[in-house]
file my_file_6.csv (CSV, C-alpha atoms)
chain,number,residue,atom,x,y,z
A,1,MET,CA,74.5,30.2,137.6
A,2,ASN,CA,77.0,30.1,140.5
A,3,GLY,CA,77.7,33.8,141.0
A,4,THR,CA,75.6,36.8,142.0
A,5,GLN,CA,73.2,37.9,139.3
A,6,ILE,CA,73.9,41.4,138.0
A,7,THR,CA,72.5,43.7,135.4
A,8,LEU,CA,74.7,46.4,133.9
A,9,VAL,CA,73.9,49.3,131.6
A,10,GLY,CA,77.0,51.0,130.2
A,11,ASN,CA,79.2,51.6,127.2
A,12,LEU,CA,81.7,49.3,125.5
A,13,THR,CA,85.2,50.6,126.1
A,14,ASP,CA,86.6,48.7,123.1
A,15,ASP,CA,85.5,46.3,120.4
A,16,PRO,CA,84.7,42.8,121.7
A,17,GLU,CA,87.7,40.4,121.3
A,18,LEU,CA,86.6,37.1,119.8
A,19,ARG,CA,88.7,34.0,120.2
A,20,PHE,CA,88.3,30.2,120.2
A,21,THR,CA,89.3,27.6,122.7
A,22,PRO,CA,91.4,24.7,121.4
A,23,SER,CA,88.2,22.6,121.1
A,24,GLY,CA,86.6,25.3,118.9
A,25,VAL,CA,84.3,27.0,121.5
A,26,ALA,CA,83.8,30.7,120.9
A,27,VAL,CA,84.6,33.2,123.7
A,28,ALA,CA,84.5,37.0,123.6
A,29,LYS,CA,85.8,39.4,126.1
A,30,PHE,CA,85.0,43.1,126.4
A,31,SER,CA,84.8,45.9,129.0
A,32,VAL,CA,81.8,48.0,129.9
A,33,ALA,CA,82.1,51.4,131.6
A,34,VAL,CA,79.1,52.2,133.9
A,35,ASN,CA,78.9,55.9,134.7
A,36,ARG,CA,77.9,56.7,138.3
A,37,ARG,CA,75.6,59.7,138.7
A,38,THR,CA,74.4,61.4,141.9
A,39,PHE,CA,71.6,63.9,142.3
A,40,ASP,CA,72.7,67.2,144.0
A,41,ARG,CA,69.7,68.5,145.9
A,42,GLN,CA,71.3,71.9,146.3
A,43,THR,CA,71.6,72.5,142.5
A,44,ASN,CA,68.7,70.2,141.6
A,45,GLN,CA,71.0,68.6,138.9
A,46,TRP,CA,72.6,65.3,138.2
A,47,LYS,CA,76.4,65.2,138.6
A,48,GLU,CA,78.8,62.6,137.2
A,49,SER,CA,80.7,60.9,140.0
A,50,GLY,CA,83.0,58.6,138.2
A,51,ALA,CA,82.8,55.3,136.3
A,52,ASP,CA,83.1,51.7,137.1
A,53,PHE,CA,84.7,49.4,134.6
A,54,HIS,CA,83.6,45.8,134.3
A,55,ARG,CA,85.3,43.0,132.5
A,56,VAL,CA,82.8,40.8,130.7
A,57,THR,CA,83.1,37.3,129.1
A,58,VAL,CA,80.5,35.7,126.8
A,59,TRP,CA,80.6,32.2,125.4
A,60,ARG,CA,79.5,30.2,122.3
A,61,THR,CA,76.9,31.7,120.0
A,62,LEU,CA,76.4,34.7,122.2
A,63,ALA,CA,80.2,35.4,121.9
A,64,GLU,CA,80.0,35.3,118.1
A,65,ASN,CA,76.8,37.4,118.0
A,66,VAL,CA,78.3,40.0,120.3
A,67,ALA,CA,81.6,40.2,118.3
A,68,GLY,CA,79.7,40.5,115.1
A,69,THR,CA,77.2,43.1,116.3
A,70,LEU,CA,78.6,45.4,119.0
A,71,THR,CA,81.5,47.9,118.7
A,72,LYS,CA,83.4,50.3,120.9
A,73,GLY,CA,81.2,53.1,122.4
A,74,MET,CA,77.9,51.3,122.0
A,75,ARG,CA,75.6,51.5,125.0
A,76,VAL,CA,74.6,48.0,126.1
A,77,ILE,CA,72.4,46.2,128.6
A,78,LEU,CA,73.7,42.9,129.9
A,79,ALA,CA,72.8,40.3,132.6
A,80,GLY,CA,75.0,37.7,134.0
A,81,ASP,CA,76.9,36.3,137.0
A,82,LEU,CA,79.3,38.5,138.9
A,83,ARG,CA,82.3,36.6,140.3
A,84,GLN,CA,85.4,37.6,142.1
A,85,ARG,CA,88.6,36.2,140.6
A,86,SER,CA,92.1,36.1,142.1
A,87,TRP,CA,95.5,35.8,140.4
A,88,GLN,CA,99.2,36.2,141.2
A,89,ASP,CA,100.8,39.5,140.1
A,90,GLN,CA,103.7,38.5,137.8
A,91,LYS,CA,105.9,41.5,139.0
A,92,THR,CA,105.2,41.5,142.8
A,93,GLY,CA,104.0,37.9,143.4
A,94,GLU,CA,101.1,39.4,145.4
A,95,THR,CA,97.6,38.0,145.1
A,96,ARG,CA,95.3,40.3,143.3
A,97,TYR,CA,91.6,40.3,143.2
A,98,GLY,CA,89.1,41.5,140.5
A,99,TRP,CA,85.5,41.2,139.6
A,100,GLU,CA,84.3,39.7,136.3
A,101,VAL,CA,80.9,39.2,134.7
A,102,THR,CA,80.0,36.1,132.7
A,103,ALA,CA,77.1,37.4,130.7
A,104,ASP,CA,74.1,35.2,129.7
A,105,SER,CA,72.4,38.1,127.8
A,106,VAL,CA,73.8,41.1,126.0
A,107,GLY,CA,72.0,43.6,123.7
A,108,PRO,CA,72.1,47.2,122.6
A,109,ASP,CA,70.3,49.8,124.7
A,110,LEU,CA,67.5,50.9,122.3
A,111,ALA,CA,67.1,54.2,124.2
A,112,PHE,CA,70.3,55.2,122.4
A,113,ALA,CA,70.3,53.2,119.1
A,114,THR,CA,68.1,51.3,116.7
A,115,ALA,CA,68.7,47.7,115.9
A,116,ARG,CA,67.6,45.2,113.2
A,117,VAL,CA,67.2,41.8,114.9
A,118,GLU,CA,67.8,38.6,113.0
A,119,LYS,CA,66.9,35.3,114.6
A,120,THR,CA,69.7,32.8,114.5
A,121,SER,CA,69.4,29.0,114.4
A,122,LYS,CA,70.8,27.0,117.3
A,123,SER,CA,71.0,23.7,115.4
A,124,GLY,CA,72.6,25.0,112.2
A,125,GLY,CA,69.3,25.0,110.4
A,126,ALA,CA,68.0,28.0,108.5
A,127,ALA,CA,70.3,31.0,108.1
A,128,PRO,CA,69.4,34.4,109.5
A,129,GLY,CA,66.9,36.1,107.1
A,130,ASP,CA,65.2,32.8,106.1
A,131,GLU,CA,61.5,32.6,106.6
A,132,THR,CA,61.6,29.9,109.3
A,133,TRP,CA,58.1,31.0,110.5
A,134,ALA,CA,56.5,30.8,107.0
A,135,THR,CA,54.2,27.9,108.0
A,136,ALA,CA,52.9,29.6,111.1
A,137,SER,CA,49.3,30.8,110.9
A,138,ALA,CA,48.5,34.5,111.3
A,139,THR,CA,44.9,33.7,112.3
A,140,ARG,CA,43.5,32.3,115.5
A,141,PRO,CA,42.2,28.7,115.2
A,142,ALA,CA,38.4,28.4,115.1
A,143,ALA,CA,36.7,27.7,118.4
A,144,PRO,CA,35.1,24.3,118.9
A,145,ALA,CA,31.4,24.0,118.0
A,146,ASN,CA,30.3,23.8,121.6
A,147,GLY,CA,31.5,27.4,122.2
A,148,GLN,CA,34.4,26.4,124.6
A,149,ALA,CA,38.0,26.6,123.9
A,150,SER,CA,40.3,23.6,124.7
A,151,GLY,CA,40.5,23.1,128.4
A,152,GLY,CA,36.9,24.0,129.0
A,153,TYR,CA,37.2,27.8,129.1
A,154,GLN,CA,34.7,30.1,127.5
A,155,GLU,CA,35.9,31.9,124.4
A,156,GLU,CA,35.1,35.4,125.8
A,157,PRO,CA,37.3,38.5,126.0
A,158,PRO,CA,39.1,38.9,129.4
A,159,PHE,CA,37.5,42.3,130.0

call {"tool": "encode", "arguments": {"input": "my_file_6.csv", "output": "C-alpha cells"}}
result
Amino acid sequence: MNGTQITLVGNLTDDPELRFTPSGVAVAKFSVAVNRRTFDRQTNQWKESGADFHRVTVWRTLAENVAGTLTKGMRVILAGDLRQRSWQDQKTGETRYGWEVTADSVGPDLAFATARVEKTSKSGGAAPGDETWATASATRPAAPANGQASGGYQEEPPF
C-alpha cells in the first residue's frame, strides 16, 4: 500500500470492465458514485448535495470475482489505496489530474441486497461449492485430563 487508505460506499455506474494484461493478469475497472448528503437543521431532514465519482481498479482474482458478481447500480463497499494520477490531455496538451482507487477489497452492501458467498481457491484446488472443509470437526477437542487446556489455561467460561 503506497497511497492513502480509503473506504467508499456507493453505487456502480456501469458493469465492471474485465480485461487481461499481455501476461494474462486480470484487471477490472469500474466507477462508483458516492452520494453526498447533508443534514438541514432548519427542516430536520437529509438533503442530497451532489455525488462524487471514483474510478476504481482491481487486479487478479479480485478483478475476476468483481466482474463475475457485480453489475451496474449495485451498492458496494470497497477499501483500497487512493492515488492521484496525472496525464497529458490529447487535445490541449495540458497536464490533467485525477484521483483513482486501487481496491484491495470489494463487496456488495448487504443493507441493500443479499448475497450467496462461495469460497474460491487461491491455488487452483477445489472449485467453488466443493466441500473443502469436510474434514473439519464441528466439536471442540476434549480437554486434557489435568483440567487445563494447552498453554496452561483453565478450561472455564470467560464470564

call {"tool": "residues_around", "arguments": {"input": "my_file_6.csv", "residues": "Thr71 (chain A)", "least_positions_apart": "4", "cutoff": "7 Å", "atoms": "all atoms listed in the file", "output": "ChimeraX atom specification"}}
result
/A:12,14-16

call {"tool": "closest_residue", "arguments": {"input": "my_file_6.csv", "among": "A:Val117, A:Val66, A:Leu110, A:Leu8", "to": "Val32 (chain A)", "atoms": "all atoms listed in the file"}}
result
A:Leu8

call {"tool": "atom_distance", "arguments": {"input": "my_file_6.csv", "atom1": "CA of Leu82 (chain A)", "atom2": "CA of Arg55 (chain A)"}}
result
9.9 Å

call {"tool": "residues_around", "arguments": {"input": "my_file_6.csv", "residues": "region 2-5 of chain A", "least_positions_apart": "4", "cutoff": "8 Å", "atoms": "all atoms listed in the file", "output": "short mmCIF file (atom, residue, chain, number, x, y, z; two decimals) with C-alpha atoms, in the frame of the given file"}}
result
data_model
loop_
_atom_site.label_atom_id
_atom_site.label_comp_id
_atom_site.auth_asym_id
_atom_site.auth_seq_id
_atom_site.Cartn_x
_atom_site.Cartn_y
_atom_site.Cartn_z
CA ALA A 79 72.80 40.30 132.60
CA GLY A 80 75.00 37.70 134.00
CA ASP A 81 76.90 36.30 137.00
CA LEU A 82 79.30 38.50 138.90
CA ARG A 83 82.30 36.60 140.30
#

call {"tool": "closest_residue", "arguments": {"input": "my_file_6.csv", "among": "A:Val76, A:Phe53, A:Gly98, A:Gly24", "to": "Phe112 (chain A)", "atoms": "all atoms listed in the file"}}
result
A:Val76

call {"tool": "atom_distance", "arguments": {"input": "my_file_6.csv", "atom1": "CA of Thr13 (chain A)", "atom2": "CA of Met74 (chain A)"}}
result
8.4 Å

call {"tool": "residues_around", "arguments": {"input": "my_file_6.csv", "residues": "Ala67 (chain A)", "least_positions_apart": "2", "cutoff": "8 Å", "atoms": "only C-alpha atoms", "output": "PyMOL selection string"}}
result
chain A and resi 15-18+28+63-65+69-71

call {"tool": "closest_residue", "arguments": {"input": "my_file_6.csv", "among": "A:Arg85, A:Lys47, A:Arg36, A:Arg75", "to": "Val101 (chain A)", "atoms": "only C-alpha atoms"}}
result
A:Arg85

call {"tool": "atom_distance", "arguments": {"input": "my_file_6.csv", "atom1": "CA of Ser105 (chain A)", "atom2": "CA of Thr7 (chain A)"}}
result
9.4 Å

call {"tool": "closest_residue", "arguments": {"input": "my_file_6.csv", "among": "A:Val27, A:Gly68, A:Gln84, A:Glu48", "to": "Tyr97 (chain A)", "atoms": "all atoms listed in the file"}}
result
A:Gln84

call {"tool": "residues_around", "arguments": {"input": "my_file_6.csv", "residues": "Ile77 (chain A)", "least_positions_apart": "5", "cutoff": "6 Å", "atoms": "all atoms listed in the file", "output": "short mmCIF file (atom, residue, chain, number, x, y, z; two decimals) with C-alpha atoms, keeping the file's coordinate frame"}}
result
data_model
loop_
_atom_site.label_atom_id
_atom_site.label_comp_id
_atom_site.auth_asym_id
_atom_site.auth_seq_id
_atom_site.Cartn_x
_atom_site.Cartn_y
_atom_site.Cartn_z
CA LEU A 8 74.70 46.40 133.90
CA VAL A 9 73.90 49.30 131.60
CA VAL A 106 73.80 41.10 126.00
CA GLY A 107 72.00 43.60 123.70
CA ASP A 109 70.30 49.80 124.70
#

call {"tool": "residues_near_point", "arguments": {"input": "my_file_6.csv", "point": "(82.7, 52.2, 139.2)", "cutoff": "9 Å", "atoms": "only C-alpha atoms", "output": "JSON, numbers by chain"}}
result
{"A": [33, 34, 35, 36, 49, 50, 51, 52, 53, 54]}
